file data10.txt (compact mmCIF, C-alpha atoms)
# COMPACT_ATOMS: atom_id res chain seq x y z
CA MET O 1 2.25 -31.76 -6.22
CA ARG O 2 5.69 -30.61 -7.36
CA PRO O 3 6.85 -27.31 -5.81
CA LEU O 4 6.38 -24.33 -8.09
CA PRO O 5 9.37 -22.18 -9.06
CA PRO O 6 9.94 -19.45 -6.47
CA MET O 7 9.27 -16.57 -8.85
CA LEU O 8 5.96 -18.12 -9.89
CA LEU O 9 4.97 -18.21 -6.22
CA VAL O 10 6.02 -14.56 -6.00
CA LEU O 11 3.65 -13.77 -8.89
CA LEU O 12 0.82 -15.63 -7.14
CA LEU O 13 1.40 -13.66 -3.95
CA TRP O 14 1.44 -10.45 -5.99
CA ALA O 15 -1.88 -11.53 -7.50
CA ALA O 16 -3.19 -11.85 -3.94
CA GLY O 17 -2.01 -8.28 -3.38
CA LEU O 18 -4.07 -7.18 -6.39
CA GLY O 19 -7.12 -8.76 -4.77
CA ALA O 20 -6.35 -6.95 -1.51
CA ALA O 21 -6.04 -3.61 -3.28
CA ALA O 22 -9.36 -4.26 -5.00
CA GLN O 23 -10.95 -4.41 -1.55
CA PHE O 24 -10.38 -0.64 -1.54
CA GLY O 25 -10.70 0.00 -5.25
CA LYS O 26 -13.99 -1.76 -5.95
CA ILE O 27 -15.83 0.60 -3.57
CA SER O 28 -14.07 3.66 -4.98
CA ILE O 29 -15.07 2.68 -8.52
CA LEU O 30 -18.66 1.97 -7.44
CA TYR O 31 -18.99 4.99 -5.14
CA ASP O 32 -21.64 6.79 -7.19
CA SER O 33 -23.56 3.56 -7.81
CA LEU O 34 -23.58 2.73 -4.09
CA ARG O 35 -24.95 6.18 -3.27
CA ALA O 36 -28.32 5.08 -4.69
CA THR O 37 -28.48 2.24 -2.13
CA TYR O 38 -26.67 3.66 0.90
CA GLY O 39 -26.72 7.43 0.31
CA GLY O 40 -29.77 7.84 2.53
CA ASN O 41 -27.51 7.20 5.52
CA GLY O 42 -25.55 10.38 4.75
CA GLU O 43 -22.27 11.14 3.00
CA VAL O 44 -20.19 10.41 6.10
CA ALA O 45 -21.75 6.96 6.42
CA LEU O 46 -21.18 6.30 2.73
CA GLY O 47 -17.57 7.42 3.00
CA LEU O 48 -17.10 5.07 5.93
CA VAL O 49 -17.85 2.13 3.64
CA VAL O 50 -14.69 3.07 1.73
CA SER O 51 -12.41 4.12 4.57
CA ILE O 52 -13.16 1.59 7.29
CA VAL O 53 -10.94 -1.02 5.61
CA GLY O 54 -7.98 1.32 6.06
CA MET O 55 -9.02 2.13 9.64
CA VAL O 56 -8.67 -1.55 10.55
CA GLY O 57 -5.09 -1.47 9.28
CA LEU O 58 -4.39 1.80 11.07
CA ILE O 59 -5.49 0.36 14.42
CA PHE O 60 -4.30 -3.25 14.11
CA GLY O 61 -1.45 -3.13 11.58
CA THR O 62 1.38 -3.92 13.98
CA THR O 63 -0.77 -6.47 15.86
CA ALA O 64 -1.33 -8.28 12.55
CA GLY O 65 2.42 -8.49 12.01
CA LEU O 66 2.85 -10.06 15.43
CA LEU O 67 0.02 -12.55 14.89
CA VAL O 68 1.07 -13.57 11.37
CA ALA O 69 4.56 -14.32 12.63
CA ARG O 70 3.03 -16.87 15.03
CA ILE O 71 -0.03 -18.17 13.17
CA GLY O 72 2.04 -18.89 10.09
CA PRO O 73 1.96 -16.91 6.83
CA ARG O 74 0.48 -19.64 4.63
CA ARG O 75 -2.45 -20.26 6.95
CA ALA O 76 -3.02 -16.54 7.44
CA ILE O 77 -3.14 -15.59 3.75
CA VAL O 78 -5.35 -18.53 2.73
CA VAL O 79 -7.89 -17.73 5.46
CA ALA O 80 -7.72 -14.02 4.58
CA LEU O 81 -8.40 -14.68 0.89
CA ALA O 82 -11.29 -17.01 1.72
CA ALA O 83 -12.79 -14.43 4.08
CA GLY O 84 -12.38 -11.74 1.44
CA ALA O 85 -14.19 -13.92 -1.10
CA ALA O 86 -17.08 -14.53 1.31
CA MET O 87 -17.44 -10.81 2.07
CA SER O 88 -17.49 -9.83 -1.62
CA ALA O 89 -20.14 -12.48 -2.28
CA LEU O 90 -22.21 -11.07 0.58
CA GLN O 91 -21.78 -7.51 -0.73
CA SER O 92 -23.10 -8.57 -4.14
CA LEU O 93 -26.51 -8.91 -2.44
CA MET O 94 -26.35 -5.18 -1.51
CA PRO O 95 -27.29 -5.94 2.13
CA ALA O 96 -28.62 -3.39 4.62
CA TYR O 97 -26.12 -0.74 5.66
CA PRO O 98 -25.14 -2.26 9.06
CA LEU O 99 -24.40 -5.61 7.43
CA MET O 100 -22.47 -3.95 4.60
CA LEU O 101 -20.37 -2.06 7.14
CA ALA O 102 -19.75 -5.25 9.14
CA SER O 103 -18.61 -7.01 5.97
CA ARG O 104 -16.18 -4.16 5.30
CA ILE O 105 -14.70 -4.48 8.81
CA ILE O 106 -14.07 -8.20 8.20
CA GLU O 107 -12.67 -7.25 4.80
CA GLY O 108 -10.33 -4.85 6.57
CA ALA O 109 -8.91 -7.73 8.61
CA SER O 110 -8.60 -9.81 5.43
CA HIS O 111 -6.83 -6.96 3.64
CA LEU O 112 -4.45 -6.43 6.53
CA ALA O 113 -3.42 -10.08 6.70
CA ILE O 114 -2.69 -10.18 2.96
CA VAL O 115 -0.56 -7.03 2.95
CA VAL O 116 1.46 -8.30 5.93
CA VAL O 117 1.97 -11.83 4.59
CA GLY O 118 2.69 -10.79 0.98
CA PRO O 119 6.01 -8.98 1.45
CA THR O 120 7.07 -11.36 4.22
CA MET O 121 6.70 -14.49 2.08
CA ILE O 122 8.03 -12.83 -1.07
CA ALA O 123 11.20 -11.82 0.76
CA ALA O 124 11.64 -15.43 1.91
CA LEU O 125 10.83 -17.07 -1.44
CA ALA O 126 12.60 -14.83 -3.96
CA PRO O 127 16.19 -15.78 -4.80
CA GLU O 128 18.65 -13.20 -3.47
CA PRO O 129 19.53 -11.71 -6.92
CA ARG O 130 15.83 -11.25 -7.74
CA ARG O 131 14.65 -10.04 -4.35
CA PRO O 132 14.79 -6.32 -5.26
CA LEU O 133 12.64 -7.00 -8.34
CA ALA O 134 10.23 -9.15 -6.31
CA MET O 135 9.80 -6.57 -3.55
CA THR O 136 9.36 -3.75 -6.07
CA LEU O 137 6.78 -5.82 -7.96
CA TRP O 138 4.86 -6.29 -4.72
CA SER O 139 4.93 -2.54 -4.07
CA SER O 140 3.10 -1.92 -7.36
CA PHE O 141 -0.05 -3.83 -6.40
CA PHE O 142 -2.16 -0.79 -5.52
CA GLY O 143 -1.33 1.20 -8.66
CA VAL O 144 -1.83 -1.77 -10.98
CA THR O 145 -5.17 -2.65 -9.38
CA TYR O 146 -6.56 0.86 -9.62
CA THR O 147 -5.52 1.04 -13.28
CA ILE O 148 -7.29 -2.27 -14.03
CA LEU O 149 -10.42 -1.27 -12.12
CA ALA O 150 -10.55 2.08 -13.90
CA LEU O 151 -10.65 0.14 -17.20
CA ILE O 152 -13.19 -2.54 -16.27
CA GLY O 153 -15.28 -0.69 -13.68
CA PRO O 154 -17.50 1.25 -16.11
CA HIS O 155 -18.49 -1.95 -17.93
CA GLY O 156 -20.27 -3.72 -15.06
CA GLY O 157 -22.54 -2.94 -12.16
CA PRO O 158 -21.95 -3.58 -8.46
CA THR O 159 -23.21 -7.17 -8.52
CA ALA O 160 -20.88 -8.22 -11.33
CA LEU O 161 -17.85 -6.51 -9.79
CA PHE O 162 -18.45 -7.93 -6.31
CA LEU O 163 -19.02 -11.45 -7.63
CA GLY O 164 -15.98 -11.22 -9.92
CA HIS O 165 -13.84 -10.16 -6.99
CA ALA O 166 -15.26 -12.98 -4.84
CA ALA O 167 -14.41 -15.56 -7.49
CA TYR O 168 -10.91 -14.14 -7.92
CA MET O 169 -10.19 -14.27 -4.17
CA ALA O 170 -11.62 -17.77 -3.78
CA ALA O 171 -9.56 -19.10 -6.69
CA LEU O 172 -6.38 -17.62 -5.23
CA ALA O 173 -7.16 -19.05 -1.79
CA ALA O 174 -7.39 -22.52 -3.33
CA VAL O 175 -4.25 -22.14 -5.45
CA LEU O 176 -2.11 -20.76 -2.63
CA ALA O 177 -3.37 -23.42 -0.20
CA LEU O 178 -2.03 -26.05 -2.61
CA THR O 179 1.22 -24.37 -3.66
CA LEU O 180 2.72 -22.37 -0.79
CA PRO O 181 5.25 -24.12 1.44
CA PRO O 182 3.87 -25.33 4.79
CA ASP O 183 4.17 -23.13 7.85
CA PRO O 184 6.81 -23.91 10.47
CA GLN O 185 5.53 -26.12 13.28
CA GLY O 186 5.31 -25.30 16.95
CA GLN O 187 4.32 -21.65 16.74
CA ALA O 188 1.90 -20.17 19.25
CA LEU O 189 -0.32 -17.12 19.38
CA PRO O 190 1.25 -14.17 21.22
CA LEU O 191 -0.36 -13.93 24.64
CA GLY O 192 2.06 -11.41 26.13
CA ASN O 193 1.79 -7.64 26.48
CA LEU O 194 0.85 -6.38 23.01
CA ALA O 195 1.44 -2.76 23.99
CA ARG O 196 5.00 -3.64 25.01
CA GLN O 197 5.56 -5.54 21.76
CA HIS O 198 4.32 -2.54 19.77
CA ALA O 199 6.72 -0.30 21.67
CA ASP O 200 9.58 -2.72 20.95
CA ILE O 201 8.84 -2.59 17.21
CA TYR O 202 8.79 1.19 16.98
CA ALA O 203 11.86 1.49 19.23
CA SER O 204 13.89 -0.72 16.88
CA PRO O 205 15.86 1.09 14.15
CA ARG O 206 15.59 -2.01 11.96
CA LEU O 207 11.92 -2.94 12.43
CA ALA O 208 10.54 0.60 12.34
CA ALA O 209 12.73 2.21 9.66
CA PRO O 210 10.87 0.89 6.56
CA ALA O 211 7.51 2.00 7.99
CA MET O 212 8.70 5.43 9.09
CA GLY O 213 10.17 6.10 5.65
CA PHE O 214 7.05 4.78 3.92
CA CYS O 215 4.58 6.93 5.85
CA GLY O 216 5.58 10.14 4.07
CA TYR O 217 5.09 8.45 0.71
CA THR O 218 1.54 7.30 1.51
CA PHE O 219 0.65 10.72 2.93
CA LEU O 220 1.74 12.39 -0.32
CA TYR O 221 1.01 9.93 -3.10
CA VAL O 222 -2.72 9.28 -2.66
CA ALA O 223 -3.30 12.96 -1.96
CA VAL O 224 -1.42 14.03 -5.10
CA LEU O 225 -3.36 11.58 -7.28
CA THR O 226 -6.60 12.94 -5.82
CA LEU O 227 -5.91 16.69 -5.70
CA ILE O 228 -3.66 17.50 -8.67
CA PRO O 229 -5.78 16.37 -11.67
CA PRO O 230 -8.78 18.64 -10.83
CA GLU O 231 -6.37 21.61 -10.58
CA THR O 232 -4.85 20.88 -14.00
CA PRO O 233 -6.24 22.62 -17.11
CA GLU O 234 -8.86 20.47 -18.78
CA SER O 235 -6.72 20.01 -21.90
CA HIS O 236 -4.12 18.08 -19.85
CA ARG O 237 -6.30 16.66 -17.07
CA ALA O 238 -6.80 13.17 -18.49
CA LEU O 239 -3.09 12.87 -19.29
CA ILE O 240 -1.95 13.70 -15.77
CA ALA O 241 -4.68 11.64 -14.08
CA ALA O 242 -3.86 8.48 -16.05
CA GLY O 243 -0.16 9.15 -16.47
CA MET O 244 0.97 9.75 -12.89
CA PRO O 245 0.20 6.25 -11.53
CA LEU O 246 1.53 4.59 -14.70
CA VAL O 247 4.78 6.58 -14.57
CA SER O 248 5.17 5.66 -10.91
CA ILE O 249 4.74 1.93 -11.61
CA ALA O 250 6.94 1.90 -14.71
CA VAL O 251 9.83 3.78 -13.10
CA SER O 252 9.78 1.71 -9.91
CA LEU O 253 9.86 -1.58 -11.87
CA THR O 254 12.66 -0.46 -14.22
CA LEU O 255 14.94 2.29 -12.93
CA GLY O 256 14.06 1.51 -9.31
CA VAL O 257 14.99 -2.18 -9.63
CA TRP O 258 18.21 -1.26 -11.49
CA LEU O 259 19.22 1.18 -8.78
CA LEU O 260 18.50 -1.36 -6.02
CA GLY O 261 21.27 -3.47 -7.53
CA ARG O 262 23.67 -0.56 -7.06
CA MET O 263 22.75 1.04 -3.73
CA SER O 264 21.01 0.12 -0.52
CA ALA O 265 17.23 0.33 -0.30
CA VAL O 266 17.50 2.90 2.48
CA ARG O 267 19.71 5.18 0.41
CA LEU O 268 17.35 4.79 -2.56
CA VAL O 269 14.36 5.86 -0.43
CA GLN O 270 16.29 9.00 0.50
CA THR O 271 17.22 9.60 -3.15
CA GLY O 272 13.60 9.26 -4.23
CA TYR O 273 12.45 11.83 -1.71
CA ALA O 274 15.24 14.20 -2.80
CA VAL O 275 14.19 13.93 -6.46
CA ALA O 276 10.53 14.47 -5.56
CA VAL O 277 11.32 17.93 -4.14
CA PRO O 278 12.05 19.58 -7.54
CA GLY O 279 8.95 17.82 -8.89
CA PHE O 280 6.79 19.60 -6.32
CA LEU O 281 8.59 22.90 -6.97
CA ILE O 282 7.98 22.61 -10.74
CA LEU O 283 4.33 21.83 -10.03
CA TRP O 284 4.08 25.00 -7.93
CA LEU O 285 5.91 27.22 -10.42
CA PHE O 286 3.72 26.08 -13.32
CA TRP O 287 0.46 25.78 -11.38
CA GLY O 288 -2.46 26.18 -13.73
CA GLN O 289 -0.30 25.61 -16.82
CA GLY O 290 -1.00 22.23 -18.40
CA ALA O 291 2.40 21.17 -19.73
CA GLY O 292 4.28 22.42 -16.67
CA MET O 293 1.94 20.66 -14.26
CA VAL O 294 2.24 17.43 -16.24
CA ALA O 295 6.05 17.66 -16.12
CA GLY O 296 6.09 18.30 -12.38
CA GLY O 297 3.46 15.64 -11.71
CA PHE O 298 5.32 13.02 -13.74
CA LEU O 299 8.67 13.82 -12.05
CA LEU O 300 7.29 13.60 -8.52
CA SER O 301 5.32 10.44 -9.41
CA ALA O 302 8.48 8.79 -10.73
CA ALA O 303 10.41 9.78 -7.62
CA LEU O 304 7.69 8.60 -5.24
CA GLY O 305 7.42 5.34 -7.19
CA ILE O 306 11.08 4.72 -6.38
CA VAL O 307 10.40 5.49 -2.70
CA GLN O 308 7.54 2.97 -2.77
CA GLY O 309 9.55 0.07 -4.16
CA ALA O 310 12.66 0.77 -2.10
CA SER O 311 10.63 0.99 1.12
CA PHE O 312 9.40 -2.58 0.68
CA ALA O 313 12.89 -3.72 -0.35
CA ALA O 314 14.17 -2.25 2.94
CA ILE O 315 12.11 -4.78 4.95
CA PRO O 316 14.31 -7.82 4.11
CA GLU O 317 17.41 -5.65 3.77
CA LEU O 318 17.18 -4.58 7.42
CA ASN O 319 15.56 -7.68 8.92
CA ALA O 320 16.95 -11.18 8.48
CA THR O 321 14.31 -13.44 10.04
CA ALA O 322 10.77 -14.17 8.87
CA GLU O 323 9.36 -13.10 12.24
CA ASP O 324 11.11 -9.73 12.12
CA ARG O 325 10.02 -9.19 8.52
CA ALA O 326 6.40 -9.87 9.47
CA ARG O 327 6.66 -7.39 12.35
CA ALA O 328 8.24 -4.78 10.05
CA ALA O 329 5.56 -5.39 7.40
CA GLY O 330 2.87 -4.91 10.04
CA ALA O 331 4.38 -1.55 10.96
CA VAL O 332 4.47 -0.61 7.25
CA ALA O 333 0.77 -1.47 6.98
CA GLN O 334 -0.04 0.57 10.08
CA LEU O 335 1.88 3.73 9.20
CA GLY O 336 0.94 3.35 5.53
CA ASN O 337 -2.73 3.46 6.48
CA LEU O 338 -2.02 6.45 8.71
CA GLY O 339 -0.62 8.28 5.67
CA THR O 340 -3.39 7.34 3.26
CA THR O 341 -6.10 8.18 5.82
CA THR O 342 -4.75 11.62 6.76
CA GLY O 343 -2.87 12.82 3.68
CA THR O 344 -5.71 13.80 1.39
CA PRO O 345 -7.82 15.75 3.92
CA VAL O 346 -4.79 17.58 5.36
CA LEU O 347 -3.35 18.59 1.98
CA ALA O 348 -6.83 19.48 0.70
CA VAL O 349 -7.22 21.94 3.59
CA LEU O 350 -3.76 23.40 2.92
CA LEU O 351 -4.51 23.74 -0.78
CA ALA O 352 -7.82 25.47 -0.06
CA SER O 353 -6.39 27.83 2.57
CA ALA O 354 -2.84 28.54 1.37
CA GLY O 355 -3.00 27.59 -2.32
CA PRO O 356 -0.31 25.61 -4.17
CA ALA O 357 2.40 27.21 -2.01
CA GLY O 358 0.91 25.58 1.09
CA LEU O 359 0.76 22.18 -0.56
CA THR O 360 4.33 22.53 -1.83
CA VAL O 361 5.77 23.55 1.55
CA ALA O 362 4.06 20.61 3.25
CA ALA O 363 5.31 18.21 0.56
CA VAL O 364 8.90 19.45 0.83
CA VAL O 365 8.79 19.14 4.63
CA LEU O 366 7.52 15.55 4.33
CA CYS O 367 10.24 14.65 1.83
CA ALA O 368 12.84 16.14 4.18
CA PHE O 369 11.31 14.09 7.02
CA GLY O 370 11.61 10.89 4.95
CA ILE O 371 15.30 11.58 4.32
CA ALA O 372 16.00 12.59 7.92
CA VAL O 373 14.21 9.69 9.61
CA HIS O 374 16.23 7.17 7.60
CA ALA O 375 19.46 9.04 8.42
CA LEU O 376 18.56 8.95 12.11
CA GLN O 377 17.68 5.25 12.07
CA LYS O 378 20.87 4.45 10.17
CA ALA O 379 22.91 6.26 12.83
CA ARG O 380 21.09 4.32 15.55
CA ARG O 381 21.85 1.01 13.80
CA ALA O 382 25.51 1.99 13.55
CA ARG O 383 25.65 2.77 17.29
CA GLN O 384 24.04 -0.57 18.11
CA ALA O 385 26.58 -2.39 15.96
CA ALA O 386 29.54 -0.59 17.51
call {"tool": "encode", "arguments": {"input": "data10.txt", "output": "structure tokens"}}
result
Amino acid sequence: MRPLPPMLLVLLLWAAGLGAAAQFGKISILYDSLRATYGGNGEVALGLVVSIVGMVGLIFGTTAGLLVARIGPRRAIVVALAAGAAMSALQSLMPAYPLMLASRIIEGASHLAIVVVGPTMIAALAPEPRRPLAMTLWSSFFGVTYTILALIGPHGGPTALFLGHAAYMAALAAVLALTLPPDPQGQALPLGNLARQHADIYASPRLAAPAMGFCGYTFLYVAVLTLIPPETPESHRALIAAGMPLVSIAVSLTLGVWLLGRMSAVRLVQTGYAVAVPGFLILWLFWGQGAGMVAGGFLLSAALGIVQGASFAAIPELNATAEDRARAAGAVAQLGNLGTTTGTPVLAVLLASAGPAGLTVAAVVLCAFGIAVHALQKARRARQAA
């Protein structure tokens, strides 16, 4: 089979990312439907069906980066897609709760492998002039998937959605098995001290910087999409709920890509956080006023969309080898899951106890942290180079 053009392979890997995001999104879309089957186990148990996929990434994210670098990215993503297809097919049977939860744990491992391999292989395959576009495209996979699922979810029940997802993942596993370049030979599983290797990753100003900058984004973005629409007047609620993720995707793929051709990814992450601050302040000042909240929500969504794309572009910008990129991507997955897991409950408590002022102060502090951590890591890289 003739090799496919690199950018077509990038699109196929992005399609795998859509399937990985759907491992979260399909349960979110079906949450009320699944309550009829699993609600008798309690709301916490039902919520665990959604969140346990992210918990796997939170615990094993960096380990996955280490393993993928040695197993080989092609082998890892094909096995992950096949496992994801098998788990969705099993879930279509609506099995007993323990088996459903076990399938979600396996799905968590599948999801983690895909989100580590995706940016690593895209960075290697994309031609240098198109790498910023390719990395930004990858960063959009969650937003695009949730938009698609929101459109198709209401038109089918759990069985149809699970089986559709299984077929999608199986087809991609077959296509990528046939089209991706072979893995390098002679690699071995890491049998050394994993704790020490984790420490080495987070001690490195090149490996850890993309993840540390990304964590603030994941803490804020999912929480904002969850908490802001219900606080918006009903006349503007649908607009802000649908518009914020679309604005984020559109800006990251247009203005974000254009800016990556003119400044470093690290500097662009810092710029995005800086622009998000007035967005949060506008949101606070016009809290409860439809048009003002939409303006603030759209501005901060655009700014955070730029942070999202630039954070993934920073992985190859700061790390030259495939092994280092896999390790950095594993750290991004780990800290990204930390942000998505903790952001919504923490900001919900602040909003309930301190009102919009509490949410705004926390958001501004996190944006300042994102700017400061990249400045610190940049200074450390400069000292190492001296």
call {"tool": "closest_residue", "arguments": {"input": "data10.txt", "among": "O:Met212, O:Leu351, O:Leu67, O:Ala45", "to": "Leu112 in chain O", "atoms": "all atoms listed in the file"}}
result
O:Leu67
call {"tool": "residues_around", "arguments": {"input": "data10.txt", "residues": "Val294 in chain O", "least_positions_apart": "4", "cutoff": "8 Å", "atoms": "only C-alpha atoms", "output": "ChimeraX atom specification"}}
result
/O:236,239-240,283,290,298
call {"tool": "write_last_selection", "arguments": {"input": "data10.txt", "atoms": "C-alpha atoms", "output": "PDB file, in the frame of the given file"}}
result
ATOM      1  CA  HIS O 236      -4.120  18.080 -19.850  1.00  0.00           C
ATOM      2  CA  LEU O 239      -3.090  12.870 -19.290  1.00  0.00           C
ATOM      3  CA  ILE O 240      -1.950  13.700 -15.770  1.00  0.00           C
ATOM      4  CA  LEU O 283       4.330  21.830 -10.030  1.00  0.00           C
ATOM      5  CA  GLY O 290      -1.000  22.230 -18.400  1.00  0.00           C
ATOM      6  CA  PHE O 298       5.320  13.020 -13.740  1.00  0.00           C
TER       7      PHE O 298
END
call {"tool": "residues_around", "arguments": {"input": "data10.txt", "residues": "range 113-130 of chain O", "least_positions_apart": "2", "cutoff": "7 Å", "atoms": "only C-alpha atoms", "output": "PDB file with C-alpha atoms, in the frame of the given file"}}
result
ATOM      1  CA  PRO O   6       9.940 -19.450  -6.470  1.00  0.00           C
ATOM      2  CA  MET O   7       9.270 -16.570  -8.850  1.00  0.00           C
ATOM      3  CA  VAL O  10       6.020 -14.560  -6.000  1.00  0.00           C
ATOM      4  CA  LEU O  13       1.400 -13.660  -3.950  1.00  0.00           C
ATOM      5  CA  GLY O  17      -2.010  -8.280  -3.380  1.00  0.00           C
ATOM      6  CA  ALA O  20      -6.350  -6.950  -1.510  1.00  0.00           C
ATOM      7  CA  ALA O  64      -1.330  -8.280  12.550  1.00  0.00           C
ATOM      8  CA  GLY O  65       2.420  -8.490  12.010  1.00  0.00           C
ATOM      9  CA  PRO O  73       1.960 -16.910   6.830  1.00  0.00           C
ATOM     10  CA  ALA O  76      -3.020 -16.540   7.440  1.00  0.00           C
ATOM     11  CA  ILE O  77      -3.140 -15.590   3.750  1.00  0.00           C
ATOM     12  CA  ALA O  80      -7.720 -14.020   4.580  1.00  0.00           C
ATOM     13  CA  ALA O 109      -8.910  -7.730   8.610  1.00  0.00           C
ATOM     14  CA  SER O 110      -8.600  -9.810   5.430  1.00  0.00           C
ATOM     15  CA  HIS O 111      -6.830  -6.960   3.640  1.00  0.00           C
ATOM     16  CA  PRO O 132      14.790  -6.320  -5.260  1.00  0.00           C
ATOM     17  CA  LEU O 133      12.640  -7.000  -8.340  1.00  0.00           C
ATOM     18  CA  ALA O 134      10.230  -9.150  -6.310  1.00  0.00           C
ATOM     19  CA  MET O 135       9.800  -6.570  -3.550  1.00  0.00           C
ATOM     20  CA  TRP O 138       4.860  -6.290  -4.720  1.00  0.00           C
ATOM     21  CA  PRO O 316      14.310  -7.820   4.110  1.00  0.00           C
ATOM     22  CA  ALA O 322      10.770 -14.170   8.870  1.00  0.00           C
ATOM     23  CA  ARG O 325      10.020  -9.190   8.520  1.00  0.00           C
ATOM     24  CA  ALA O 326       6.400  -9.870   9.470  1.00  0.00           C
ATOM     25  CA  ALA O 329       5.560  -5.390   7.400  1.00  0.00           C
ATOM     26  CA  GLY O 330       2.870  -4.910  10.040  1.00  0.00           C
ATOM     27  CA  ALA O 333       0.770  -1.470   6.980  1.00  0.00           C
TER      28      ALA O 333
END
call {"tool": "closest_atom_pairs", "arguments": {"input": "data10.txt", "of": "range 314-365 of chain O", "to": "range 260-266 of chain O", "cutoff": "10 Å", "atoms": "all atoms listed in the file", "output": "Markdown table"}}
result
| residue | atom | partner | partner_atom | distance |
| --- | --- | --- | --- | --- |
| O:Ala314 | CA | O:Ala265 | CA | 5.1 |
| O:Ile315 | CA | O:Ala265 | CA | 8.9 |
| O:Pro316 | CA | O:Ala265 | CA | 9.7 |
| O:Glu317 | CA | O:Ala265 | CA | 7.2 |
| O:Leu318 | CA | O:Val266 | CA | 9.0 |
call {"tool": "residues_around", "arguments": {"input": "data10.txt", "residues": "range 163-166 of chain O", "least_positions_apart": "4", "cutoff": "8 Å", "atoms": "all atoms listed in the file", "output": "MDAnalysis selection string"}}
result
chainID O and resid 19 22 84:89 92 159 170
call {"tool": "closest_residue", "arguments": {"input": "data10.txt", "among": "O:Ile106, O:Ala150, O:Ala199, O:Val277", "to": "Val361 in chain O", "atoms": "all atoms listed in the file"}}
result
O:Val277
call {"tool": "atom_distance", "arguments": {"input": "data10.txt", "atom1": "CA of Leu12 in chain O", "atom2": "CA of Leu268 in chain O"}}
result
26.7 Å
call {"tool": "residues_around", "arguments": {"input": "data10.txt", "residues": "Gly157 in chain O", "least_positions_apart": "5", "cutoff": "12 Å", "atoms": "all atoms listed in the file", "output": "NGL selection string"}}
result
:O and (26-27 or 29-34 or 92 or 94 or 152 or 162-164)
call {"tool": "write_last_selection", "arguments": {"input": "data10.txt", "atoms": "C-alpha atoms", "output": "compact mmCIF listing (two decimals), keeping the file's coordinate frame"}}
result
# COMPACT_ATOMS: atom_id res chain seq x y z
CA LYS O 26 -13.99 -1.76 -5.95
CA ILE O 27 -15.83 0.60 -3.57
CA ILE O 29 -15.07 2.68 -8.52
CA LEU O 30 -18.66 1.97 -7.44
CA TYR O 31 -18.99 4.99 -5.14
CA ASP O 32 -21.64 6.79 -7.19
CA SER O 33 -23.56 3.56 -7.81
CA LEU O 34 -23.58 2.73 -4.09
CA SER O 92 -23.10 -8.57 -4.14
CA MET O 94 -26.35 -5.18 -1.51
CA ILE O 152 -13.19 -2.54 -16.27
CA PHE O 162 -18.45 -7.93 -6.31
CA LEU O 163 -19.02 -11.45 -7.63
CA GLY O 164 -15.98 -11.22 -9.92
